[in-house]
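File shown: final-v6.pdb (PDB, C-alpha atoms and all ligand atoms).
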```pdb
ATOM      1  CA  MET A   3     132.549 147.235 149.616
ATOM      2  CA  LYS A   4     132.165 145.108 152.733
ATOM      3  CA  PHE A   5     129.327 143.564 154.711
ATOM      4  CA  TYR A   6     129.382 143.619 158.498
ATOM      5  CA  ASP A   7     126.999 141.745 160.796
ATOM      6  CA  VAL A   8     127.172 143.169 164.311
ATOM      7  CA  TYR A   9     125.182 141.327 166.986
ATOM      8  CA  ASN A  10     124.896 140.695 170.685
ATOM      9  CA  GLY A  11     126.392 137.313 171.587
ATOM     10  CA  ASP A  12     123.299 136.132 173.478
ATOM     11  CA  ALA A  13     120.393 134.004 172.226
ATOM     12  CA  ASP A  14     118.446 137.013 170.983
ATOM     13  CA  GLY A  15     121.339 138.520 169.021
ATOM     14  CA  LEU A  16     122.275 135.178 167.474
ATOM     15  CA  CYS A  17     118.712 134.249 166.490
ATOM     16  CA  ALA A  18     117.958 137.724 165.123
ATOM     17  CA  LEU A  19     120.936 137.615 162.768
ATOM     18  CA  LEU A  20     120.338 133.966 161.918
ATOM     19  CA  GLN A  21     116.825 134.631 160.620
ATOM     20  CA  LEU A  22     118.135 137.468 158.445
ATOM     21  CA  ARG A  23     120.961 135.366 157.009
ATOM     22  CA  LEU A  24     118.692 132.416 156.291
ATOM     23  CA  VAL A  25     116.668 134.708 154.025
ATOM     24  CA  THR A  26     119.627 136.678 152.639
ATOM     25  CA  PRO A  27     122.832 134.635 152.837
ATOM     26  CA  ARG A  28     125.788 136.963 152.896
ATOM     27  CA  ASP A  29     129.467 136.503 153.511
ATOM     28  CA  ALA A  30     129.718 139.198 156.139
ATOM     29  CA  ILE A  31     132.403 140.018 158.678
ATOM     30  CA  LEU A  32     130.935 138.936 162.032
ATOM     31  CA  VAL A  33     131.360 141.252 165.012
ATOM     32  CA  SER A  34     130.141 140.060 168.410
ATOM     33  CA  GLY A  35     131.181 139.548 172.019
ATOM     34  CA  VAL A  36     130.049 138.534 175.488
ATOM     35  CA  LYS A  37     126.561 139.671 176.481
ATOM     36  CA  ARG A  38     127.811 142.674 178.430
ATOM     37  CA  ASP A  39     129.983 143.823 175.541
ATOM     38  CA  ILE A  40     127.475 146.084 173.833
ATOM     39  CA  ARG A  41     129.720 148.760 172.321
ATOM     40  CA  LEU A  42     130.351 146.630 169.269
ATOM     41  CA  LEU A  43     129.893 149.095 166.416
ATOM     42  CA  GLN A  44     133.098 150.956 167.317
ATOM     43  CA  ARG A  45     134.999 147.864 166.151
ATOM     44  CA  VAL A  46     133.785 148.436 162.574
ATOM     45  CA  ASP A  47     135.854 150.723 160.382
ATOM     46  CA  ALA A  48     133.142 151.420 157.823
ATOM     47  CA  ARG A  49     133.770 152.956 154.398
ATOM     48  CA  GLN A  50     131.679 154.356 151.550
ATOM     49  CA  GLY A  51     129.239 151.725 150.300
ATOM     50  CA  ASP A  52     129.726 149.261 153.153
ATOM     51  CA  GLU A  53     126.594 147.642 154.522
ATOM     52  CA  ILE A  54     126.190 147.073 158.243
ATOM     53  CA  VAL A  55     123.426 145.093 159.915
ATOM     54  CA  VAL A  56     123.147 145.496 163.686
ATOM     55  CA  ALA A  57     121.105 143.220 165.961
ATOM     56  CA  ASP A  58     120.213 143.416 169.645
ATOM     57  CA  ILE A  59     122.499 146.180 170.890
ATOM     58  CA  SER A  60     121.396 149.636 171.947
ATOM     59  CA  LEU A  61     121.666 152.436 169.396
ATOM     60  CA  ASP A  62     122.186 154.894 172.233
ATOM     61  CA  ALA A  63     125.229 152.980 173.493
ATOM     62  CA  ASN A  64     126.722 153.004 169.977
ATOM     63  CA  ARG A  65     125.696 156.491 168.903
ATOM     64  CA  SER A  66     129.116 157.977 168.137
ATOM     65  CA  ALA A  67     130.186 154.915 166.138
ATOM     66  CA  LEU A  68     126.893 155.051 164.215
ATOM     67  CA  THR A  69     127.370 158.738 163.419
ATOM     68  CA  ARG A  70     130.867 158.017 162.124
ATOM     69  CA  ALA A  71     129.713 155.075 160.002
ATOM     70  CA  LEU A  72     126.960 157.179 158.418
ATOM     71  CA  GLN A  73     129.380 160.066 157.791
ATOM     72  CA  ASN A  74     131.749 157.643 156.086
ATOM     73  CA  GLY A  75     128.975 156.634 153.692
ATOM     74  CA  ALA A  76     127.911 153.243 155.072
ATOM     75  CA  GLN A  77     124.355 151.867 154.975
ATOM     76  CA  VAL A  78     123.124 150.760 158.386
ATOM     77  CA  THR A  79     120.098 148.579 159.255
ATOM     78  CA  TRP A  80     119.339 148.246 162.976
ATOM     79  CA  PHE A  81     117.113 145.686 164.733
ATOM     80  CA  ASP A  82     116.785 146.183 168.479
ATOM     81  CA  HIS A  83     114.579 146.487 171.566
ATOM     82  CA  HIS A  84     116.868 148.381 173.964
ATOM     83  CA  TYR A  85     116.561 152.072 174.776
ATOM     84  CA  PRO A  86     117.666 153.891 171.602
ATOM     85  CA  GLY A  87     117.563 157.541 172.715
ATOM     86  CA  SER A  88     116.782 159.818 169.786
ATOM     87  CA  ILE A  89     117.075 157.932 166.505
ATOM     88  CA  PRO A  90     119.025 159.887 163.868
ATOM     89  CA  GLN A  91     117.063 160.783 160.737
ATOM     90  CA  HIS A  92     119.420 159.728 157.970
ATOM     91  CA  PRO A  93     118.632 158.262 154.533
ATOM     92  CA  ALA A  94     121.290 155.567 155.023
ATOM     93  CA  LEU A  95     119.915 154.402 158.393
ATOM     94  CA  THR A  96     116.995 151.961 158.485
ATOM     95  CA  PRO A  97     115.912 151.351 162.091
ATOM     96  CA  TYR A  98     113.578 148.561 163.225
ATOM     97  CA  ILE A  99     113.470 149.453 166.900
ATOM     98  CA  ASP A 100     110.658 148.598 169.307
ATOM     99  CA  THR A 101     111.089 148.951 173.071
ATOM    100  CA  ASP A 102     107.815 147.214 174.015
ATOM    101  CA  PRO A 103     108.797 145.062 177.052
ATOM    102  CA  ARG A 104     107.090 142.027 175.471
ATOM    103  CA  ILE A 105     109.320 142.235 172.387
ATOM    104  CA  CYS A 106     112.898 141.166 171.696
ATOM    105  CA  SER A 107     115.108 141.712 168.641
ATOM    106  CA  SER A 108     114.393 138.265 167.214
ATOM    107  CA  LEU A 109     110.640 138.886 167.442
ATOM    108  CA  ILE A 110     111.167 142.177 165.599
ATOM    109  CA  VAL A 111     113.070 140.317 162.860
ATOM    110  CA  ASN A 112     110.388 137.609 162.755
ATOM    111  CA  ARG A 113     107.778 140.318 162.177
ATOM    112  CA  HIS A 114     109.980 142.032 159.569
ATOM    113  CA  LEU A 115     110.352 138.756 157.643
ATOM    114  CA  GLY A 116     106.653 137.924 157.832
ATOM    115  CA  GLY A 117     107.189 134.954 160.133
ATOM    116  CA  ARG A 118     109.636 132.926 158.037
ATOM    117  CA  PHE A 119     111.522 131.282 160.935
ATOM    118  CA  PRO A 120     109.303 131.651 164.004
ATOM    119  CA  GLU A 121     110.947 128.707 165.818
ATOM    120  CA  TRP A 122     114.215 130.658 166.049
ATOM    121  CA  ALA A 123     112.330 133.714 167.315
ATOM    122  CA  ILE A 124     110.711 131.512 169.985
ATOM    123  CA  VAL A 125     114.135 130.218 171.088
ATOM    124  CA  ALA A 126     115.337 133.822 171.416
ATOM    125  CA  ALA A 127     112.272 135.017 173.310
ATOM    126  CA  PHE A 128     112.779 132.237 175.864
ATOM    127  CA  GLY A 129     116.468 133.174 176.036
ATOM    128  CA  ASP A 130     115.532 136.778 176.794
ATOM    129  CA  ASN A 131     113.142 135.556 179.529
ATOM    130  CA  LEU A 132     110.014 136.599 177.599
ATOM    131  CA  GLU A 133     108.019 133.505 178.562
ATOM    132  CA  GLN A 134     104.622 134.849 177.549
ATOM    133  CA  SER A 135     105.681 136.199 174.175
ATOM    134  CA  ALA A 136     107.516 132.965 173.394
ATOM    135  CA  ARG A 137     104.504 130.813 174.297
ATOM    136  CA  GLN A 138     102.143 133.052 172.396
ATOM    137  CA  LEU A 139     104.153 132.696 169.174
ATOM    138  CA  ALA A 140     104.548 128.962 169.821
ATOM    139  CA  GLY A 141     100.751 128.746 170.013
ATOM    140  CA  GLN A 142     100.379 130.580 166.702
ATOM    141  CA  VAL A 143     102.621 128.074 164.903
ATOM    142  CA  SER A 144     101.030 125.091 166.722
ATOM    143  CA  LEU A 145     104.098 123.663 168.428
ATOM    144  CA  GLN A 146     103.537 120.721 170.740
ATOM    145  CA  ASP A 147     104.282 121.105 174.448
ATOM    146  CA  ALA A 148     107.318 118.807 174.275
ATOM    147  CA  GLU A 149     108.748 120.914 171.427
ATOM    148  CA  ILE A 150     108.182 124.113 173.390
ATOM    149  CA  VAL A 151     110.075 122.637 176.346
ATOM    150  CA  VAL A 152     113.117 121.832 174.228
ATOM    151  CA  LEU A 153     113.113 125.184 172.374
ATOM    152  CA  ARG A 154     112.955 126.896 175.756
ATOM    153  CA  GLU A 155     115.914 124.881 176.976
ATOM    154  CA  LEU A 156     117.905 125.806 173.876
ATOM    155  CA  GLY A 157     117.115 129.504 174.412
ATOM    156  CA  VAL A 158     118.277 129.308 178.026
ATOM    157  CA  CYS A 159     121.481 127.512 176.974
ATOM    158  CA  LEU A 160     122.323 129.975 174.178
ATOM    159  CA  ASN A 161     121.725 132.825 176.585
ATOM    160  CA  TYR A 162     123.883 131.134 179.219
ATOM    161  CA  ASN A 163     126.755 130.853 176.739
ATOM    162  CA  ALA A 164     126.998 134.642 176.429
ATOM    163  CA  TYR A 165     127.758 135.298 180.094
ATOM    164  CA  GLY A 166     131.370 136.006 180.937
ATOM    165  CA  GLU A 167     133.868 138.774 181.455
ATOM    166  CA  THR A 168     135.673 137.913 178.222
ATOM    167  CA  ILE A 169     135.307 135.382 175.393
ATOM    168  CA  ASP A 170     137.739 133.119 177.281
ATOM    169  CA  ASP A 171     135.059 132.444 179.920
ATOM    170  CA  LEU A 172     132.639 131.106 177.278
ATOM    171  CA  LEU A 173     132.278 127.576 175.974
ATOM    172  CA  TYR A 174     131.732 128.898 172.415
ATOM    173  CA  SER A 175     132.686 132.297 171.084
ATOM    174  CA  PRO A 176     129.551 134.009 169.729
ATOM    175  CA  VAL A 177     131.109 134.074 166.243
ATOM    176  CA  ASP A 178     131.806 130.336 166.325
ATOM    177  CA  LEU A 179     128.346 129.667 167.742
ATOM    178  CA  PHE A 180     126.710 131.616 164.919
ATOM    179  CA  ARG A 181     128.568 129.516 162.350
ATOM    180  CA  GLN A 182     127.314 126.383 164.102
ATOM    181  CA  LEU A 183     123.698 127.581 163.946
ATOM    182  CA  GLN A 184     123.850 128.962 160.422
ATOM    183  CA  PRO A 185     123.073 125.765 158.460
ATOM    184  CA  PHE A 186     119.771 125.216 160.275
ATOM    185  CA  SER A 187     116.514 126.878 159.329
ATOM    186  CA  ASP A 188     114.758 125.066 162.185
ATOM    187  CA  PRO A 189     116.163 124.784 165.735
ATOM    188  CA  ARG A 190     114.683 121.294 166.049
ATOM    189  CA  ASP A 191     117.059 120.143 163.275
ATOM    190  CA  PHE A 192     119.957 121.874 165.007
ATOM    191  CA  ILE A 193     119.157 120.055 168.252
ATOM    192  CA  ARG A 194     119.069 116.701 166.442
ATOM    193  CA  ALA A 195     122.183 117.187 164.328
ATOM    194  CA  SER A 196     124.628 119.165 166.466
ATOM    195  CA  ASP A 197     126.337 118.301 169.739
ATOM    196  CA  VAL A 198     126.515 121.989 170.726
ATOM    197  CA  PHE A 199     123.224 121.906 172.624
ATOM    198  CA  GLY A 200     124.271 118.851 174.639
ATOM    199  CA  SER A 201     127.640 120.393 175.503
ATOM    200  CA  LEU A 202     126.066 123.648 176.636
ATOM    201  CA  LYS A 203     123.453 121.844 178.715
ATOM    202  CA  GLN A 204     126.101 119.738 180.426
ATOM    203  CA  ARG A 205     128.355 122.696 181.163
ATOM    204  CA  MET A 206     125.427 124.734 182.485
ATOM    205  CA  GLN A 207     124.401 121.902 184.831
ATOM    206  CA  ASP A 208     127.964 121.594 186.127
ATOM    207  CA  ASP A 209     128.190 125.348 186.719
ATOM    208  CA  LEU A 210     124.800 125.373 188.466
ATOM    209  CA  GLU A 211     125.906 122.558 190.776
ATOM    210  CA  HIS A 212     128.935 124.623 191.801
ATOM    211  CA  ALA A 213     126.668 127.583 192.517
ATOM    212  CA  ARG A 214     124.120 125.559 194.481
ATOM    213  CA  ALA A 215     126.864 124.321 196.815
ATOM    214  CA  LEU A 216     127.341 127.902 198.052
ATOM    215  CA  GLN A 217     125.427 129.310 200.988
ATOM    216  CA  VAL A 218     122.677 131.839 200.276
ATOM    217  CA  ARG A 219     122.604 134.181 203.258
ATOM    218  CA  GLU A 220     119.510 135.964 204.477
ATOM    219  CA  ILE A 221     119.941 139.737 204.860
ATOM    220  CA  ALA A 222     116.468 140.189 206.386
ATOM    221  CA  PRO A 223     113.171 138.417 205.738
ATOM    222  CA  GLY A 224     112.528 139.013 202.018
ATOM    223  CA  SER A 225     116.124 139.586 200.921
ATOM    224  CA  ALA A 226     119.228 137.429 200.561
ATOM    225  CA  TYR A 227     122.671 137.396 198.990
ATOM    226  CA  VAL A 228     125.271 134.927 197.828
ATOM    227  CA  VAL A 229     128.928 135.386 196.906
ATOM    228  CA  LEU A 230     130.426 133.440 193.992
ATOM    229  CA  PRO A 231     134.199 133.070 193.738
ATOM    230  CA  ASN A 232     136.417 134.753 191.155
ATOM    231  CA  ALA A 233     136.197 131.939 188.587
ATOM    232  CA  SER A 234     135.100 131.434 184.986
ATOM    233  CA  TRP A 235     132.198 129.203 186.020
ATOM    234  CA  SER A 236     130.856 131.962 188.305
ATOM    235  CA  ARG A 237     130.860 134.500 185.519
ATOM    236  CA  ARG A 238     129.189 132.029 183.125
ATOM    237  CA  VAL A 239     126.445 130.877 185.464
ATOM    238  CA  VAL A 240     125.545 134.106 187.229
ATOM    239  CA  GLY A 241     122.640 135.021 184.921
ATOM    240  CA  VAL A 242     121.056 131.564 184.876
ATOM    241  CA  TYR A 243     121.606 131.121 188.604
ATOM    242  CA  ALA A 244     120.013 134.502 189.367
ATOM    243  CA  ASN A 245     116.938 133.497 187.377
ATOM    244  CA  ARG A 246     116.744 130.119 189.150
ATOM    245  CA  LEU A 247     116.989 131.718 192.596
ATOM    246  CA  ALA A 248     114.246 134.149 191.652
ATOM    247  CA  GLN A 249     111.983 131.388 190.319
ATOM    248  CA  ASP A 250     112.536 129.143 193.345
ATOM    249  CA  ASN A 251     111.965 131.944 195.902
ATOM    250  CA  PRO A 252     109.411 134.280 194.325
ATOM    251  CA  CYS A 253     108.971 136.443 197.429
ATOM    252  CA  THR A 254     112.681 137.072 198.013
ATOM    253  CA  ALA A 255     114.990 139.664 196.438
ATOM    254  CA  HIS A 256     118.519 138.469 195.695
ATOM    255  CA  ALA A 257     121.921 140.052 195.286
ATOM    256  CA  ILE A 258     124.316 137.696 193.509
ATOM    257  CA  LEU A 259     127.924 138.815 193.895
ATOM    258  CA  VAL A 260     130.841 137.537 191.857
ATOM    259  CA  SER A 261     134.247 138.268 193.385
ATOM    260  CA  LYS A 262     136.647 140.361 191.329
ATOM    261  CA  PRO A 263     140.224 141.318 192.216
ATOM    262  CA  ASN A 264     139.124 144.558 193.932
ATOM    263  CA  GLY A 265     135.441 144.045 194.677
ATOM    264  CA  TYR A 266     132.371 142.389 193.209
ATOM    265  CA  LEU A 267     130.253 142.247 190.101
ATOM    266  CA  VAL A 268     126.669 142.390 191.424
ATOM    267  CA  SER A 269     123.387 141.174 189.916
ATOM    268  CA  ILE A 270     120.253 142.287 191.727
ATOM    269  CA  ARG A 271     116.883 140.595 191.221
ATOM    270  CA  ALA A 272     113.691 141.962 192.749
ATOM    271  CA  PRO A 273     111.217 139.351 194.037
ATOM    272  CA  THR A 274     109.337 137.908 191.054
ATOM    273  CA  ALA A 275     106.124 138.331 193.070
ATOM    274  CA  HIS A 276     106.753 142.129 193.233
ATOM    275  CA  PRO A 277     109.269 142.854 190.474
ATOM    276  CA  THR A 278     110.261 146.404 191.400
ATOM    277  CA  GLY A 279     113.070 148.122 193.261
ATOM    278  CA  ALA A 280     116.177 146.514 191.756
ATOM    279  CA  SER A 281     117.283 149.532 189.742
ATOM    280  CA  LYS A 282     116.869 151.837 192.755
ATOM    281  CA  VAL A 283     119.300 149.713 194.777
ATOM    282  CA  ALA A 284     121.778 149.500 191.894
ATOM    283  CA  ARG A 285     121.664 153.209 191.109
ATOM    284  CA  ALA A 286     122.736 154.044 194.671
ATOM    285  CA  PHE A 287     126.205 152.865 193.560
ATOM    286  CA  GLU A 288     128.532 154.506 191.089
ATOM    287  CA  SER A 289     128.604 151.789 188.436
ATOM    288  CA  GLY A 290     125.009 150.605 188.988
ATOM    289  CA  GLY A 291     122.067 150.577 186.612
ATOM    290  CA  GLY A 292     119.349 148.447 185.086
ATOM    291  CA  ARG A 293     115.630 147.759 185.094
ATOM    292  CA  GLU A 294     113.002 147.557 187.869
ATOM    293  CA  GLY A 295     113.093 143.773 188.093
ATOM    294  CA  ALA A 296     116.749 143.112 187.289
ATOM    295  CA  ALA A 297     119.700 145.433 187.742
ATOM    296  CA  GLY A 298     123.412 145.304 188.417
ATOM    297  CA  ILE A 299     126.581 146.973 189.623
ATOM    298  CA  ASP A 300     129.703 146.563 187.479
ATOM    299  CA  LEU A 301     132.151 147.018 190.311
ATOM    300  CA  LEU A 302     131.183 147.174 193.972
ATOM    301  CA  PRO A 303     134.324 147.960 196.001
ATOM    302  CA  ASP A 304     134.882 145.604 198.970
ATOM    303  CA  SER A 305     134.375 148.539 201.334
ATOM    304  CA  GLU A 306     130.795 149.087 200.042
ATOM    305  CA  LEU A 307     129.458 145.591 200.712
ATOM    306  CA  ASP A 308     127.734 146.626 203.950
ATOM    307  CA  ARG A 309     126.113 149.574 202.221
ATOM    308  CA  LEU A 310     124.743 147.210 199.562
ATOM    309  CA  LEU A 311     123.262 144.900 202.197
ATOM    310  CA  ASP A 312     121.655 147.898 203.920
ATOM    311  CA  ALA A 313     120.201 149.077 200.615
ATOM    312  CA  MET A 314     118.796 145.588 199.933
ATOM    313  CA  ARG A 315     117.291 145.421 203.433
ATOM    314  CA  SER A 316     115.518 148.758 203.207
ATOM    315  CA  ALA A 317     114.378 148.288 199.580
ATOM    316  CA  PHE A 318     112.897 144.811 199.931
ATOM    317  CA  SER A 319     112.118 143.961 203.535
ATOM    318  CA  GLU A 320     108.615 145.421 203.650
ATOM    319  CA  THR A 321     107.563 143.988 200.314
ATOM    320  CA  VAL A 322     106.974 140.480 201.699
TER     321      VAL A 322
HETATM  322 MN    MN B 401     117.653 140.999 173.476
END
```

Please express what this file holds, its structure, as structure tokens.
Amino acid sequence: MKFYDVYNGDADGLCALLQLRLVTPRDAILVSGVKRDIRLLQRVDARQGDEIVVADISLDANRSALTRALQNGAQVTWFDHHYPGSIPQHPALTPYIDTDPRICSSLIVNRHLGGRFPEWAIVAAFGDNLEQSARQLAGQVSLQDAEIVVLRELGVCLNYNAYGETIDDLLYSPVDLFRQLQPFSDPRDFIRASDVFGSLKQRMQDDLEHARALQVREIAPGSAYVVLPNASWSRRVVGVYANRLAQDNPCTAHAILVSKPNGYLVSIRAPTAHPTGASKVARAFESGGGREGAAGIDLLPDSELDRLLDAMRSAFSETV
């Protein structure tokens, strides 16, 4: 009989699993990947009696692997906040799934554990950009403002570490990073004792400086785009940089393109002042999808760049 812990490599996935393992230490096989790598359950070859815990990846995106694991006789416990589709009714599946937009997987685990490690849930909520939920929980456990600032920074850094095309782009593999976090029941102790936080912060600053040196071009009043080169730092920083651009220019929509060999990876952010329209732009392209405020296109062929700029112009120009 084997244990498997399957989790998204971002702040939320890490902190969700961490809380569980602090309560129930377990020598499990860790399965994770870059943030975009969400079809993780297919990597598990589950047998009768195996126990699988899944955190922060969509059930819907892993449905066939889940069905197979259940058929093979595994027990599966699932903590998540992404769209699950229809949840199978099976005695061996225990789902803790809540798609409330104010919730993330680590907040679900915090609730499940009766608030044993809220500081880690706060780190994750900041990492998932859930400012209000993070601050609300921080208020409940009476954290000081200076502590909130540093937990927020840690969440942003852990989230930053998960961005990349492959593990090679990352400073720490999500499995290694989990092992680094595992000894600490409180993120404030982790920050004091480990040099991981400092390394991530430094690397993120360096990557952001590269990005800020590039020209952001206006498409029309209210929309802009920027092209990052085909480089590891681009793929690492794209999520953090997109959030910074949005925060610094709340009335402007942004398309952030990262060059690939035959096109671009595109992140689209609606203006934070009117956070709608991003998914409509993305869905006009074959590999596009996402949410109202933040969406993306996996591969935009070079020949479609003009069409993207047109779509940005007509989606966002009147919203200013
Ligand atoms: Mn999440």

Legend entry - Residue members of the PyMOL selection byres (((chain A and resi 76-79) around 7) and not hetatm) in the file shown, as a VMD selection string: chain A and resid 48 to 56 71 to 72 74 to 75 80 to 81 94 to 97

Legend entry - Cut-off 9 Å, all atoms listed in the file, neighbours of ligand MN 401 (chain B) as a ChimeraX atom specification: /A:10,12-15,18,57-59,82-84,105-108,126-127,129-130

Excluding same-chain residues fewer than 3 positions from Tyr227 (chain A), what lies within 12 Å of it counting only C-alpha atoms, as a CSV table (one decimal) with C-alpha atoms, keeping the file's coordinate frame?
```
chain,number,residue,atom,x,y,z
A,216,LEU,CA,127.3,127.9,198.1
A,217,GLN,CA,125.4,129.3,201.0
A,218,VAL,CA,122.7,131.8,200.3
A,219,ARG,CA,122.6,134.2,203.3
A,220,GLU,CA,119.5,136.0,204.5
A,221,ILE,CA,119.9,139.7,204.9
A,222,ALA,CA,116.5,140.2,206.4
A,223,PRO,CA,113.2,138.4,205.7
A,224,GLY,CA,112.5,139.0,202.0
A,230,LEU,CA,130.4,133.4,194.0
A,244,ALA,CA,120.0,134.5,189.4
A,247,LEU,CA,117.0,131.7,192.6
A,248,ALA,CA,114.2,134.1,191.7
A,254,THR,CA,112.7,137.1,198.0
A,255,ALA,CA,115.0,139.7,196.4
A,256,HIS,CA,118.5,138.5,195.7
A,257,ALA,CA,121.9,140.1,195.3
A,258,ILE,CA,124.3,137.7,193.5
A,259,LEU,CA,127.9,138.8,193.9
A,260,VAL,CA,130.8,137.5,191.9
A,268,VAL,CA,126.7,142.4,191.4
A,269,SER,CA,123.4,141.2,189.9
A,270,ILE,CA,120.3,142.3,191.7
A,271,ARG,CA,116.9,140.6,191.2
A,272,ALA,CA,113.7,142.0,192.7
A,307,LEU,CA,129.5,145.6,200.7
A,308,ASP,CA,127.7,146.6,204.0
A,310,LEU,CA,124.7,147.2,199.6
A,311,LEU,CA,123.3,144.9,202.2
A,312,ASP,CA,121.7,147.9,203.9
A,314,MET,CA,118.8,145.6,199.9
A,315,ARG,CA,117.3,145.4,203.4
```

Legend entry - Between CA of Tyr6 (chain A) and CA of Gly35 (chain A) - distance in Å to one decimal: 14.2 Å

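Our summary of the geometry notes that CA of Ile31 (chain A) is positioned 8.3 Å from CA of Val8 (chain A).
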
Inset, instruction - Identify which of the residues A:Ala63, A:Leu173, A:Leu302, A:Ala286 lies closest to Ser201 (chain A), counting all atoms listed in the file when measuring atom-to-atom distances. - result: A:Leu173

Legend entry - Shell around Thr278 (chain A) at 9 Å using only C-alpha atoms, local window under 2 positions removed, as an NGL selection string: :A and (271-274 or 276 or 280-282 or 293-296)

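The spacing separating CA of Asn64 (chain A) from CA of Leu42 (chain A) amounts to 7.4 Å.
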
Could you write region 211-270 of chain A of the block just shown to a file containing C-alpha atoms, as an mmCIF file, in the first residue's frame?
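This went into part.cif:
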```
data_model
loop_
_atom_site.group_PDB
_atom_site.id
_atom_site.type_symbol
_atom_site.label_atom_id
_atom_site.label_comp_id
_atom_site.auth_asym_id
_atom_site.auth_seq_id
_atom_site.Cartn_x
_atom_site.Cartn_y
_atom_site.Cartn_z
ATOM 1 C CA GLU A 211 13.888 44.409 -13.498
ATOM 2 C CA HIS A 212 14.391 42.595 -16.806
ATOM 3 C CA ALA A 213 10.676 42.895 -17.529
ATOM 4 C CA ARG A 214 10.469 46.572 -16.589
ATOM 5 C CA ALA A 215 13.231 47.391 -19.080
ATOM 6 C CA LEU A 216 10.898 46.345 -21.916
ATOM 7 C CA GLN A 217 8.574 48.774 -23.636
ATOM 8 C CA VAL A 218 4.852 48.508 -22.897
ATOM 9 C CA ARG A 219 3.071 49.575 -26.070
ATOM 10 C CA GLU A 220 -0.326 51.217 -26.145
ATOM 11 C CA ILE A 221 -2.834 49.494 -28.449
ATOM 12 C CA ALA A 222 -5.498 52.177 -27.900
ATOM 13 C CA PRO A 223 -6.397 54.261 -24.854
ATOM 14 C CA GLY A 224 -7.275 51.662 -22.194
ATOM 15 C CA SER A 225 -5.288 48.739 -23.600
ATOM 16 C CA ALA A 226 -1.606 47.881 -23.953
ATOM 17 C CA TYR A 227 0.727 44.985 -24.657
ATOM 18 C CA VAL A 228 4.300 43.963 -24.032
ATOM 19 C CA VAL A 229 6.413 41.188 -25.539
ATOM 20 C CA LEU A 230 8.858 39.243 -23.356
ATOM 21 C CA PRO A 231 11.664 37.274 -24.995
ATOM 22 C CA ASN A 232 11.901 33.487 -25.164
ATOM 23 C CA ALA A 233 13.837 33.090 -21.899
ATOM 24 C CA SER A 234 13.470 31.329 -18.554
ATOM 25 C CA TRP A 235 13.178 34.623 -16.676
ATOM 26 C CA SER A 236 10.235 35.656 -18.891
ATOM 27 C CA ARG A 237 8.352 32.475 -18.157
ATOM 28 C CA ARG A 238 9.060 32.795 -14.412
ATOM 29 C CA VAL A 239 8.076 36.432 -14.048
ATOM 30 C CA VAL A 240 5.080 36.643 -16.358
ATOM 31 C CA GLY A 241 2.449 36.078 -13.644
ATOM 32 C CA VAL A 242 3.949 38.493 -11.118
ATOM 33 C CA TYR A 243 4.652 41.075 -13.809
ATOM 34 C CA ALA A 244 1.077 40.860 -15.123
ATOM 35 C CA ASN A 245 -0.244 41.511 -11.621
ATOM 36 C CA ARG A 246 2.132 44.463 -11.141
ATOM 37 C CA LEU A 247 1.116 46.044 -14.452
ATOM 38 C CA ALA A 248 -2.529 45.655 -13.507
ATOM 39 C CA GLN A 249 -2.002 47.178 -10.053
ATOM 40 C CA ASP A 250 0.037 50.104 -11.389
ATOM 41 C CA ASN A 251 -2.419 50.909 -14.222
ATOM 42 C CA PRO A 252 -5.867 50.016 -12.887
ATOM 43 C CA CYS A 253 -7.762 51.444 -15.866
ATOM 44 C CA THR A 254 -5.738 49.636 -18.538
ATOM 45 C CA ALA A 255 -6.112 46.094 -19.897
ATOM 46 C CA HIS A 256 -2.859 44.289 -20.669
ATOM 47 C CA ALA A 257 -1.750 41.485 -22.938
ATOM 48 C CA ILE A 258 1.601 40.078 -21.830
ATOM 49 C CA LEU A 259 3.193 37.952 -24.543
ATOM 50 C CA VAL A 260 6.095 35.580 -24.044
ATOM 51 C CA SER A 261 7.841 34.556 -27.264
ATOM 52 C CA LYS A 262 7.898 30.859 -28.096
ATOM 53 C CA PRO A 263 9.589 29.181 -31.067
ATOM 54 C CA ASN A 264 6.450 29.457 -33.241
ATOM 55 C CA GLY A 265 4.360 32.145 -31.570
ATOM 56 C CA TYR A 266 3.527 33.471 -28.126
ATOM 57 C CA LEU A 267 2.207 32.422 -24.761
ATOM 58 C CA VAL A 268 -0.302 35.163 -23.862
ATOM 59 C CA SER A 269 -1.605 36.364 -20.489
ATOM 60 C CA ILE A 270 -4.531 38.764 -20.635
#
```
